[in-house]
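Asker: Provided below: final_19.csv, containing CSV, C-alpha atoms.
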```
chain,number,residue,atom,x,y,z
E,248,MET,CA,-1.9,13.4,17.1
E,249,ALA,CA,-1.8,11.5,13.8
E,250,HIS,CA,-5.3,12.5,12.9
E,251,HIS,CA,-6.4,16.0,12.2
E,252,GLN,CA,-10.1,16.7,12.6
E,253,HIS,CA,-12.1,19.2,10.5
E,254,ASP,CA,-9.3,21.1,8.7
E,255,ALA,CA,-10.1,23.2,5.7
E,256,ARG,CA,-9.7,20.3,3.3
E,257,THR,CA,-12.1,18.0,5.1
E,258,GLN,CA,-14.6,20.7,5.7
E,259,ALA,CA,-14.6,21.4,1.9
E,260,LEU,CA,-15.5,17.7,1.2
E,261,SER,CA,-19.3,17.9,1.0
E,262,ARG,CA,-21.5,15.0,0.1
E,263,ARG,CA,-22.0,16.5,-3.4
E,264,THR,CA,-18.2,16.5,-4.1
E,265,LEU,CA,-17.4,13.2,-2.3
E,266,LEU,CA,-19.9,10.5,-2.8
E,267,ARG,CA,-21.5,10.8,-6.1
E,268,THR,CA,-22.7,7.7,-8.0
E,269,MET,CA,-19.6,6.1,-9.5
E,270,GLY,CA,-20.2,4.2,-12.7
E,271,ILE,CA,-17.5,3.0,-15.1
E,272,ALA,CA,-18.2,0.5,-17.9
E,273,GLY,CA,-15.8,-2.0,-19.2
E,274,LEU,CA,-13.5,-2.7,-16.3
E,275,THR,CA,-13.2,-6.3,-17.3
E,276,LEU,CA,-13.4,-6.1,-21.0
E,277,ALA,CA,-9.8,-5.5,-21.9
E,278,SER,CA,-7.1,-7.7,-23.4
E,279,SER,CA,-3.5,-6.9,-22.7
E,280,THR,CA,-2.8,-5.9,-26.3
E,281,ALA,CA,-5.7,-3.5,-26.4
E,282,TRP,CA,-4.5,-1.7,-23.4
E,283,ALA,CA,-0.8,-1.3,-24.3
E,284,ASP,CA,0.5,2.2,-24.9
E,285,GLY,CA,4.3,1.9,-25.1
E,286,SER,CA,6.4,0.0,-22.7
E,287,ILE,CA,8.8,0.3,-19.8
E,288,ARG,CA,11.8,-1.8,-18.9
E,289,LEU,CA,11.8,-2.8,-15.2
E,290,PRO,CA,15.1,-3.4,-13.3
E,291,ILE,CA,13.8,-6.7,-11.9
E,292,ALA,CA,15.8,-9.9,-11.5
E,293,GLY,CA,14.3,-12.0,-14.3
E,294,GLU,CA,12.5,-11.8,-17.7
E,295,PRO,CA,10.3,-10.5,-19.0
E,296,ARG,CA,11.6,-7.1,-17.9
E,297,GLU,CA,9.7,-5.2,-20.6
E,298,ARG,CA,6.2,-4.3,-19.5
E,299,PRO,CA,3.3,-2.5,-21.3
E,300,LEU,CA,2.4,1.0,-20.2
E,301,THR,CA,-1.3,2.0,-20.3
E,302,HIS,CA,-3.5,4.9,-19.6
E,303,GLU,CA,-6.7,3.2,-20.7
E,304,PHE,CA,-8.0,2.2,-17.2
E,305,PRO,CA,-10.7,4.5,-15.8
E,306,GLN,CA,-9.5,7.4,-13.6
E,307,LYS,CA,-5.9,6.4,-14.2
E,308,GLY,CA,-3.0,8.0,-16.0
E,309,ASP,CA,0.0,6.1,-17.4
E,310,MET,CA,0.5,2.9,-15.3
E,311,ILE,CA,2.6,-0.2,-15.7
E,312,LEU,CA,0.3,-3.0,-16.7
E,313,GLN,CA,1.1,-6.1,-14.7
E,314,ARG,CA,-2.3,-7.9,-15.3
E,315,THR,CA,-5.7,-6.9,-16.7
E,316,ARG,CA,-8.0,-9.4,-14.9
E,317,PRO,CA,-8.1,-8.7,-12.1
E,318,PRO,CA,-6.5,-5.2,-12.6
E,319,LEU,CA,-2.9,-5.0,-11.4
E,320,LEU,CA,-1.4,-1.6,-12.2
E,321,GLU,CA,2.0,-0.4,-11.0
E,322,THR,CA,3.1,3.2,-10.3
E,323,PRO,CA,6.2,4.2,-12.3
E,324,MET,CA,9.0,5.3,-10.0
E,325,GLU,CA,9.2,8.7,-11.6
E,326,VAL,CA,5.9,9.5,-10.0
E,327,PHE,CA,7.3,9.3,-6.5
E,328,ASP,CA,9.9,12.0,-7.4
E,329,ARG,CA,7.1,14.6,-8.0
E,330,GLY,CA,5.9,14.8,-4.4
E,331,VAL,CA,5.4,13.1,-1.1
E,332,PHE,CA,1.8,12.2,-1.9
E,333,THR,CA,1.0,9.9,-4.8
E,334,PRO,CA,-1.6,11.3,-7.1
E,335,ASN,CA,-4.9,9.3,-7.2
E,336,ASP,CA,-4.7,8.8,-11.0
E,337,ARG,CA,-1.2,7.2,-10.6
E,338,PHE,CA,-1.9,5.2,-7.4
E,339,TYR,CA,-1.2,1.5,-7.9
E,340,VAL,CA,-4.1,-1.0,-8.2
E,341,ARG,CA,-4.3,-4.6,-6.9
E,342,TRP,CA,-7.4,-6.7,-6.8
E,343,HIS,CA,-7.6,-10.4,-5.9
E,344,TRP,CA,-10.8,-11.4,-7.8
E,345,ALA,CA,-11.8,-10.2,-11.3
E,346,VAL,CA,-15.5,-9.8,-10.4
E,347,ILE,CA,-15.5,-6.1,-9.4
E,348,PRO,CA,-18.6,-3.9,-9.6
E,349,THR,CA,-18.4,-1.5,-12.6
E,350,SER,CA,-20.7,1.0,-10.8
E,351,VAL,CA,-21.6,1.8,-7.2
E,352,ASP,CA,-24.5,4.0,-6.3
E,353,ALA,CA,-23.4,5.9,-3.2
E,354,GLY,CA,-27.1,6.8,-2.5
E,355,SER,CA,-28.3,3.3,-2.1
E,356,PHE,CA,-25.0,1.8,-0.8
E,357,ARG,CA,-25.0,0.5,2.8
E,358,LEU,CA,-22.2,-0.6,5.2
E,359,THR,CA,-23.3,-3.4,7.4
E,360,VAL,CA,-22.0,-3.9,10.9
E,361,ARG,CA,-23.0,-7.2,12.5
E,362,GLY,CA,-21.9,-10.2,14.5
E,363,HIS,CA,-21.0,-10.0,18.1
E,364,VAL,CA,-22.6,-6.6,18.6
E,365,ASN,CA,-25.5,-5.1,20.6
E,366,GLN,CA,-27.1,-3.6,17.6
E,367,MET,CA,-26.7,-4.5,13.9
E,368,LEU,CA,-26.1,-1.4,11.8
E,369,SER,CA,-26.8,-0.5,8.2
E,370,LEU,CA,-25.0,2.7,7.6
E,371,SER,CA,-25.6,5.0,4.5
E,372,THR,CA,-22.9,7.2,3.2
E,373,ASP,CA,-24.8,10.1,4.7
E,374,ASP,CA,-24.7,8.5,8.1
E,375,LEU,CA,-20.9,8.2,7.8
E,376,LEU,CA,-20.5,11.8,6.6
E,377,LYS,CA,-22.3,13.1,9.7
E,378,MET,CA,-19.8,11.4,12.0
E,379,PRO,CA,-16.6,13.1,13.2
E,380,ARG,CA,-14.1,13.1,10.4
E,381,VAL,CA,-10.4,12.4,10.7
E,382,GLU,CA,-7.5,12.6,8.3
E,383,LEU,CA,-4.3,10.6,8.2
E,384,ALA,CA,-1.3,10.4,5.9
E,385,ALA,CA,-0.3,6.8,5.4
E,386,VAL,CA,1.6,4.5,3.0
E,387,ASN,CA,-0.4,1.7,1.3
E,388,GLN,CA,2.0,-1.0,0.2
E,389,CYS,CA,1.3,-4.4,-1.4
E,390,SER,CA,2.8,-7.4,0.6
E,391,GLY,CA,4.4,-8.4,-2.7
E,392,ASN,CA,5.9,-5.0,-3.6
E,393,SER,CA,9.3,-5.6,-5.2
E,394,ARG,CA,8.7,-9.3,-5.7
E,395,GLY,CA,10.3,-9.1,-9.1
E,396,PHE,CA,13.7,-8.7,-7.3
E,397,PHE,CA,13.5,-12.0,-5.4
E,398,SER,CA,16.1,-14.5,-6.4
E,399,PRO,CA,15.4,-17.4,-6.8
E,400,ARG,CA,12.3,-16.1,-8.5
E,401,VAL,CA,8.9,-16.9,-6.8
E,402,PRO,CA,5.4,-17.0,-8.4
E,403,GLY,CA,3.1,-14.1,-8.3
E,404,ALA,CA,3.0,-10.6,-9.9
E,405,GLN,CA,6.5,-9.6,-10.7
E,406,TRP,CA,6.2,-6.1,-9.2
E,407,ALA,CA,9.2,-3.7,-9.3
E,408,HIS,CA,9.0,-1.1,-6.5
E,409,GLY,CA,5.8,0.7,-7.6
E,410,ALA,CA,3.2,-1.4,-5.8
E,411,MET,CA,2.9,1.3,-3.1
E,412,GLY,CA,1.6,4.8,-2.7
E,413,ASN,CA,1.1,7.5,-0.1
E,414,ALA,CA,-2.0,9.5,0.4
E,415,ARG,CA,-4.0,11.7,2.8
E,416,TRP,CA,-7.0,9.5,3.8
E,417,THR,CA,-10.2,11.2,5.1
E,418,GLY,CA,-12.9,9.3,6.8
E,419,VAL,CA,-14.2,8.2,10.2
E,420,ARG,CA,-12.6,6.1,12.9
E,421,LEU,CA,-13.5,2.4,12.9
E,422,LYS,CA,-13.6,2.7,16.7
E,423,ASP,CA,-16.5,5.2,16.4
E,424,VAL,CA,-18.5,2.9,14.1
E,425,LEU,CA,-17.9,-0.1,16.3
E,426,ASP,CA,-18.9,1.9,19.4
E,427,ARG,CA,-22.1,2.8,17.7
E,428,ALA,CA,-22.9,-0.9,17.2
E,429,GLY,CA,-21.7,-1.8,20.7
E,430,VAL,CA,-19.1,-4.6,20.8
E,431,LYS,CA,-20.3,-7.4,23.2
E,432,SER,CA,-18.0,-8.9,25.8
E,433,GLY,CA,-16.1,-11.7,24.2
E,434,GLY,CA,-15.6,-10.0,20.9
E,435,ILE,CA,-12.0,-10.9,19.8
E,436,GLN,CA,-11.6,-10.1,16.1
E,437,VAL,CA,-13.3,-7.8,13.5
E,438,ARG,CA,-13.6,-9.2,9.9
E,439,PHE,CA,-14.0,-7.1,6.8
E,440,LYS,CA,-15.4,-7.8,3.4
E,441,GLY,CA,-15.8,-5.8,0.2
E,442,LEU,CA,-18.0,-5.9,-2.9
E,443,ASP,CA,-15.6,-7.9,-5.1
E,444,GLU,CA,-16.5,-11.5,-5.6
E,445,PRO,CA,-14.8,-14.7,-6.6
E,446,VAL,CA,-14.9,-15.8,-10.3
E,447,VAL,CA,-16.3,-19.2,-9.3
E,448,PRO,CA,-18.7,-20.0,-6.4
E,449,GLU,CA,-16.4,-22.4,-4.6
E,450,ALA,CA,-13.6,-19.9,-4.3
E,451,PRO,CA,-13.2,-18.1,-0.9
E,452,ASP,CA,-14.6,-14.6,-0.5
E,453,PHE,CA,-11.8,-12.1,0.2
E,454,LYS,CA,-12.0,-11.4,3.9
E,455,LYS,CA,-9.5,-10.0,6.4
E,456,SER,CA,-9.5,-9.6,10.1
E,457,LEU,CA,-7.9,-7.5,12.9
E,458,ASP,CA,-7.7,-8.2,16.6
E,459,ILE,CA,-10.4,-6.2,18.4
E,460,ASP,CA,-7.9,-4.0,20.3
E,461,HIS,CA,-6.2,-3.1,17.0
E,462,ALA,CA,-9.5,-2.4,15.3
E,463,ARG,CA,-10.4,0.0,18.2
E,464,ASP,CA,-7.1,1.7,18.5
E,465,GLY,CA,-8.4,5.0,17.1
E,466,GLU,CA,-6.1,5.0,14.1
E,467,VAL,CA,-7.7,2.3,11.9
E,468,MET,CA,-10.3,4.2,9.8
E,469,ILE,CA,-12.9,3.9,7.1
E,470,ALA,CA,-11.9,6.3,4.4
E,471,PHE,CA,-14.2,7.9,1.8
E,472,ALA,CA,-11.6,10.2,0.3
E,473,MET,CA,-7.9,10.2,-0.6
E,474,ASN,CA,-5.9,13.3,-1.3
E,475,GLY,CA,-8.9,15.5,-0.9
E,476,GLU,CA,-11.0,13.7,-3.6
E,477,GLN,CA,-13.3,10.8,-3.6
E,478,LEU,CA,-11.7,7.4,-3.9
E,479,PRO,CA,-11.2,6.2,-7.5
E,480,LEU,CA,-13.4,3.1,-8.2
E,481,LEU,CA,-10.3,1.0,-8.7
E,482,ASN,CA,-8.9,2.1,-5.3
E,483,GLY,CA,-12.0,1.2,-3.4
E,484,PHE,CA,-14.9,3.6,-3.9
E,485,PRO,CA,-17.0,4.3,-2.0
E,486,LEU,CA,-15.3,3.1,1.3
E,487,ARG,CA,-11.9,1.6,2.0
E,488,LEU,CA,-10.5,0.4,5.3
E,489,ILE,CA,-7.2,2.1,6.3
E,490,VAL,CA,-4.8,0.1,8.5
E,491,PRO,CA,-1.8,2.4,9.0
E,492,GLY,CA,1.5,0.8,9.2
E,493,TRP,CA,0.2,-2.6,8.0
E,494,TYR,CA,0.4,-4.1,4.5
E,495,SER,CA,-2.4,-3.4,2.1
E,496,THR,CA,-3.9,-6.9,2.2
E,497,TYR,CA,-5.8,-5.6,5.2
E,498,TRP,CA,-6.9,-2.3,3.5
E,499,VAL,CA,-10.2,-3.8,2.2
E,500,LYS,CA,-11.6,-2.0,-0.8
E,501,MET,CA,-15.3,-1.3,-1.5
E,502,LEU,CA,-15.8,-2.1,2.2
E,503,SER,CA,-19.4,-3.3,2.6
E,504,ASP,CA,-19.4,-5.7,5.6
E,505,ILE,CA,-17.9,-5.5,9.1
E,506,GLU,CA,-18.4,-8.5,11.3
E,507,VAL,CA,-17.3,-8.8,15.0
E,508,LEU,CA,-16.2,-12.3,15.8
E,509,ASP,CA,-16.2,-14.1,19.1
E,510,ARG,CA,-13.7,-16.7,17.7
E,511,PRO,CA,-10.4,-16.5,15.8
E,512,ASP,CA,-10.9,-16.0,12.1
E,513,ASP,CA,-9.7,-19.1,10.2
E,514,ASN,CA,-10.9,-18.2,6.7
E,515,TYR,CA,-8.5,-18.9,3.8
E,516,TRP,CA,-7.2,-15.3,3.5
E,517,MET,CA,-6.1,-15.3,7.1
E,518,ALA,CA,-5.0,-18.9,7.8
E,519,THR,CA,-3.4,-19.8,4.5
E,520,ALA,CA,-2.9,-16.9,2.2
E,521,TYR,CA,-0.8,-13.9,3.2
E,522,THR,CA,1.2,-15.8,5.8
E,523,ILE,CA,5.0,-15.4,6.3
E,524,PRO,CA,7.7,-17.4,8.1
E,525,ASP,CA,7.8,-16.5,11.7
E,526,THR,CA,11.5,-15.5,11.4
E,527,LEU,CA,13.6,-12.3,11.4
E,528,HIS,CA,12.6,-10.4,8.2
E,529,ALA,CA,10.3,-13.3,7.3
E,530,ASN,CA,13.5,-14.9,5.8
E,531,ILE,CA,14.1,-18.5,5.0
E,532,THR,CA,16.4,-20.3,2.6
E,533,PRO,CA,15.0,-21.7,-0.6
E,534,GLY,CA,13.7,-25.2,-0.1
E,535,GLN,CA,13.5,-24.8,3.7
E,536,THR,CA,10.5,-26.6,5.2
E,537,GLY,CA,8.8,-27.0,8.6
E,538,VAL,CA,8.8,-23.3,9.3
E,539,LYS,CA,6.0,-21.8,11.5
E,540,MET,CA,3.9,-19.4,9.4
E,541,VAL,CA,2.0,-16.4,10.8
E,542,PRO,CA,-0.2,-13.8,9.1
E,543,ILE,CA,1.7,-10.9,7.6
E,544,SER,CA,1.2,-7.7,9.5
E,545,ARG,CA,3.5,-4.7,10.1
E,546,MET,CA,5.5,-3.0,7.4
E,547,THR,CA,9.3,-2.5,7.7
E,548,PRO,CA,11.4,0.6,6.9
E,549,ARG,CA,12.4,1.2,3.2
E,550,SER,CA,14.1,3.9,1.2
E,551,PHE,CA,14.4,4.6,-2.6
E,552,VAL,CA,16.2,6.9,-4.9
E,553,THR,CA,13.6,8.6,-7.1
E,554,ASN,CA,15.4,11.1,-9.4
E,555,ILE,CA,18.0,8.9,-11.0
E,556,ALA,CA,17.7,5.3,-12.2
E,557,ASP,CA,20.0,2.4,-11.8
E,558,GLY,CA,22.9,2.6,-14.4
E,559,ALA,CA,22.7,6.4,-14.7
E,560,SER,CA,25.7,8.5,-15.7
E,561,LEU,CA,26.8,11.6,-13.8
E,562,PRO,CA,29.2,14.2,-15.1
E,563,SER,CA,32.6,14.2,-13.3
E,564,GLY,CA,33.8,17.3,-11.5
E,565,ALA,CA,30.3,18.4,-10.6
E,566,ASN,CA,28.1,18.1,-7.5
E,567,ALA,CA,25.0,15.9,-8.0
E,568,ASP,CA,21.6,16.2,-6.3
E,569,ILE,CA,20.2,12.9,-5.3
E,570,ARG,CA,16.8,12.6,-3.7
E,571,GLY,CA,14.2,10.0,-2.8
E,572,ILE,CA,11.6,8.8,-0.4
E,573,ALA,CA,11.6,6.7,2.7
E,574,PHE,CA,9.1,5.3,5.2
E,575,GLY,CA,9.5,3.7,8.5
E,576,GLY,CA,6.9,0.9,8.1
E,577,ASP,CA,4.8,0.9,11.2
E,578,THR,CA,6.4,4.0,12.7
E,579,GLY,CA,8.1,7.2,11.6
E,580,VAL,CA,11.4,7.8,9.9
E,581,ALA,CA,14.3,8.6,12.3
E,582,LYS,CA,17.0,9.1,9.7
E,583,VAL,CA,18.1,8.3,6.2
E,584,GLU,CA,21.8,7.7,5.5
E,585,TYR,CA,23.7,7.2,2.3
E,586,SER,CA,26.9,5.6,1.2
E,587,VAL,CA,29.0,5.8,-1.9
E,588,ASP,CA,31.7,3.3,-0.9
E,589,ASP,CA,29.7,0.1,-0.8
E,590,GLY,CA,28.5,0.7,2.7
E,591,ARG,CA,31.8,1.2,4.5
E,592,THR,CA,30.9,4.7,5.6
E,593,TRP,CA,27.5,6.4,5.9
E,594,GLN,CA,26.4,10.0,6.0
E,595,LEU,CA,23.1,11.6,6.9
E,596,ALA,CA,20.8,12.8,4.2
E,597,THR,CA,18.5,15.8,4.8
E,598,LEU,CA,15.0,14.9,5.6
E,599,GLY,CA,12.0,16.8,4.2
E,600,GLU,CA,8.7,17.7,5.9
E,601,ASP,CA,7.3,15.2,8.4
E,602,HIS,CA,3.7,14.4,7.4
E,603,GLY,CA,3.2,11.9,10.2
E,604,LYS,CA,4.7,8.6,11.2
E,605,TYR,CA,2.9,6.5,8.6
E,606,SER,CA,3.7,8.8,5.6
E,607,PHE,CA,6.5,8.8,3.0
E,608,ARG,CA,9.3,11.2,4.0
E,609,ARG,CA,11.3,12.9,1.3
E,610,TRP,CA,15.1,13.0,1.7
E,611,GLN,CA,17.9,14.5,-0.4
E,612,THR,CA,21.7,15.1,-0.5
E,613,ASN,CA,24.2,17.0,-2.6
E,614,LEU,CA,27.0,14.6,-3.6
E,615,PRO,CA,30.4,16.2,-4.0
E,616,PRO,CA,32.3,15.3,-7.2
E,617,LEU,CA,33.1,11.6,-7.5
E,618,ALA,CA,36.1,10.1,-9.2
E,619,LYS,CA,35.5,8.8,-12.8
E,620,GLY,CA,34.3,5.3,-13.0
E,621,GLY,CA,31.6,3.1,-11.4
E,622,HIS,CA,30.1,3.8,-8.0
E,623,SER,CA,27.4,2.2,-5.9
E,624,PHE,CA,25.0,4.6,-4.2
E,625,MET,CA,23.1,3.2,-1.2
E,626,ALA,CA,20.4,4.7,0.9
E,627,ARG,CA,19.1,3.1,4.1
E,628,CYS,CA,16.3,4.1,6.5
E,629,THR,CA,16.2,3.7,10.3
E,630,ASN,CA,12.7,4.1,11.9
E,631,LEU,CA,11.8,5.5,15.2
E,632,ALA,CA,11.8,2.0,16.8
E,633,GLY,CA,15.5,1.6,15.7
E,634,ASP,CA,14.8,-0.9,12.9
E,635,VAL,CA,17.3,-0.5,10.1
E,636,GLN,CA,17.1,-1.7,6.5
E,637,PRO,CA,19.2,-4.9,6.3
E,638,ALA,CA,22.2,-5.2,4.0
E,639,GLU,CA,21.2,-8.7,2.8
E,640,PRO,CA,17.8,-9.4,1.0
E,641,ASN,CA,15.3,-11.6,2.7
E,642,TRP,CA,13.6,-14.5,0.8
E,643,ASN,CA,10.4,-16.5,1.3
E,644,ASN,CA,8.2,-18.6,-1.0
E,645,SER,CA,5.6,-15.9,-1.4
E,646,GLY,CA,7.9,-13.0,-2.3
E,647,PHE,CA,6.5,-11.0,0.6
E,648,MET,CA,8.1,-8.2,2.7
E,649,ARG,CA,11.1,-7.5,0.6
E,650,ASN,CA,13.4,-5.2,2.5
E,651,VAL,CA,17.0,-4.5,1.8
E,652,ILE,CA,19.3,-1.6,1.0
E,653,GLU,CA,18.8,-1.3,-2.8
E,654,PRO,CA,22.1,-0.3,-4.3
E,655,LEU,CA,22.1,2.1,-7.3
E,656,HIS,CA,24.9,1.7,-9.8
E,657,ILE,CA,26.1,5.0,-11.3
E,658,THR,CA,28.9,5.8,-13.6
E,659,THR,CA,30.9,9.1,-13.4
E,660,THR,CA,32.2,10.1,-16.8
```
I'd like the structure from this file rewritten - as structure tokens, please.
Answerer:
Amino acid sequence: MAHHQHDARTQALSRRTLLRTMGIAGLTLASSTAWADGSIRLPIAGEPRERPLTHEFPQKGDMILQRTRPPLLETPMEVFDRGVFTPNDRFYVRWHWAVIPTSVDAGSFRLTVRGHVNQMLSLSTDDLLKMPRVELAAVNQCSGNSRGFFSPRVPGAQWAHGAMGNARWTGVRLKDVLDRAGVKSGGIQVRFKGLDEPVVPEAPDFKKSLDIDHARDGEVMIAFAMNGEQLPLLNGFPLRLIVPGWYSTYWVKMLSDIEVLDRPDDNYWMATAYTIPDTLHANITPGQTGVKMVPISRMTPRSFVTNIADGASLPSGANADIRGIAFGGDTGVAKVEYSVDDGRTWQLATLGEDHGKYSFRRWQTNLPPLAKGGHSFMARCTNLAGDVQPAEPNWNNSGFMRNVIEPLHITTT
């Protein structure tokens, strides 16, 4: 089972520790210069590669500042080397609209369940805390993670690889909430909305939908905690939808409204935004037109080196420990392999503890001494469905779903 009910950690999460009133002033008051605290150089394809570092956002440590309004904060790669779970204060942040509540009173907050149901619900946080709890380890990854590596360049936030994170999510099954409302015959999709609002009235509310069978699969959940603590405000306090194995566009933050639909959802964020070419790896050639587009959905396998950076120097005549993280996308990691000869031969890396099929999995290897000169270290993940990271990068107009073996250039001196 992916979920674990009522373990010591979830039992310890009382209402007092979980769902206090969360109030933070000044989420939208910053200018980029006021928030800068040093800088970091990202290994992306184009300029500007230099990005500000900031720790001025509430409940956040040092983060790479991609944008202040709405907040786009990237996790530095070094954080992923410290453990398989990404700390809440270093977990990346991505919002679509700049109008985000600066405080949420968990006592008066209500989650509405409505639409094609037998009984409309208005659930308090206490109501949810009384329901059976589940916990799931799952990677949350932005659809545009690694967009900064696309060549030719595409518009949008020029993320490096840090628009992702892995956490233990605690909450209730969406299925249990829907069953409490009673889905009527003919319900085909479930639509979700949060408390964030467009800057101008004519802009479309951010809403995402799942097919009814997916919404009721017992894995999709409504989380009120991550890594044993209440959700940070910028990561969705008080409630967040968790859609394991799928890109985070579906992981609606500050979840406040659930609507069962008896028709396909054709709202902007499903029909137009977050769509990808219906091709292998969502890949097209620049300038290609007339391609069928479909909503983005399942993630693909990826792997990263976390303890050395591109361009690093290693001493000759000595073994070198290289380690990283991998995830299988919508299923578990079967294996991680590495190559030091430009992919001609591959060897198995050692996998760390398995925290479930949707989680990061740590890997490591001890490299024997390499000859002096330049080398290319490659790591590739194969998931339990047999999907393997491709050798060539994909490309599409939105910079979505990047997945390729990311070579690391090292020099032995």
Asker: Write out as a PyMOL selection string each polymer residue whose atoms come within 10 Å of Arg427 (chain E), counting all atoms listed in the file; drop sequence neighbours fewer than 6 positions from it.
Answerer: chain E and resi 360+364-368+421
Asker: Mind checking which residues fall within 8 Å of Arg288 (chain E), counting all atoms listed in the file, ignoring those fewer than 5 positions away in the same chain, and posting them as a PyMOL selection string?
Answerer: chain E and resi 296-298
Asker: How many Å lie between CA of Arg361 (chain E) and CA of Asp513 (chain E), rounded to one decimal?
Answerer: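 CA of Arg361 (chain E) sits 18.0 Å away from CA of Asp513 (chain E).
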Asker: Looking at all atoms listed in the file, which of E:Thr592, E:Thr536, E:Ser645, E:Thr547 is the one that sits closest to Leu631 (chain E)?
Answerer: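 Of all the options, E:Thr547 lies closest to Leu631 (chain E).
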Asker: Any chance you could tabulate, as a tab-separated table, the residues of region 476-549 of chain E at most 10 Å from region 369-379 of chain E with each one's nearest atom pair and distance in Å to one decimal, using only C-alpha atoms, in chain and rising number order?
Answerer:
```
residue	atom	partner	partner_atom	distance
E:Pro485	CA	E:Thr372	CA	8.4
E:Leu486	CA	E:Thr372	CA	8.8
E:Ser503	CA	E:Leu370	CA	9.6
E:Asp504	CA	E:Ser369	CA	9.4
```
Asker: Given the choices E:Leu561, E:Gly409, E:Arg314, E:Gln611, which gets closest to Thr660 (chain E) if the distance is worked out from only C-alpha atoms?
Answerer: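 Smallest distance to Thr660 (chain E) is found for E:Leu561.
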Asker: Quick one: distance from CA of Ile459 (chain E) to CA of Tyr494 (chain E) in Å, one decimal?
Answerer: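 Atom-to-atom, CA of Ile459 (chain E) and CA of Tyr494 (chain E) are spaced 17.7 Å apart.
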Asker: Smallest atom-to-atom distance to Lys604 (chain E): which of E:Ala385, E:Val326, E:Leu300, E:Val430, using only C-alpha atoms?
Answerer: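 Looking only at the distances to Lys604 (chain E), the closest residue turns out to be E:Ala385.
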Asker: Could you give me, as a PyMOL selection string, the residues that sit within 12 Å of (20.0, -22.5, -2.2) in the file's coordinates, counting only C-alpha atoms?
Answerer: chain E and resi 398-400+531-535+642-643
Asker: Which of these residues is nearest to Leu319 (chain E), using only C-alpha atoms: E:Asn387, E:Gln405, E:Ser432, E:Thr359?
Answerer: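 Checking each of E:Asn387, E:Gln405, E:Ser432, E:Thr359 against Leu319 (chain E), counting only C-alpha atoms, the winner is E:Gln405.
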Asker: Taking 5 positions as the minimum chain separation for residues in the same chain, which residues sit within 8 Å of Cys389 (chain E) when counting all atoms listed in the file? Answer as a list of chain:residue names.
Answerer: E:Arg341, E:Ala410, E:Met411, E:Tyr494, E:Ser495, E:Thr496
Asker: Need to verify the contact set: Asp512 (chain E), 8 Å, only C-alpha atoms, exclusion of same-chain residues closer than 5 positions in sequence. Can you return it as a PyMOL selection string?
Answerer: chain E and resi 436+438+456+517-518
Asker: Pick out the closest residue to Arg487 (chain E) from this set: E:Pro445, E:Gly330, E:Thr417, E:Thr597. Count only C-alpha atoms.
Answerer: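 Nearest candidate to Arg487 (chain E) out of E:Pro445, E:Gly330, E:Thr417, E:Thr597: E:Thr417.
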Asker: Could you list, as a ChimeraX atom specification, every residue within 6 Å of region 548-553 of chain E, counting all atoms listed in the file and ignoring same-chain residues fewer than 2 positions away?
Answerer: /E:328,555,570-576,627-628
Asker: For Glu506 (chain E), which residue among E:Val538, E:Leu480, E:Leu425, E:Ala404 is the nearest when counting all atoms listed in the file?
Answerer: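 Looking at the shortest contact to Glu506 (chain E), the residue is E:Leu425.
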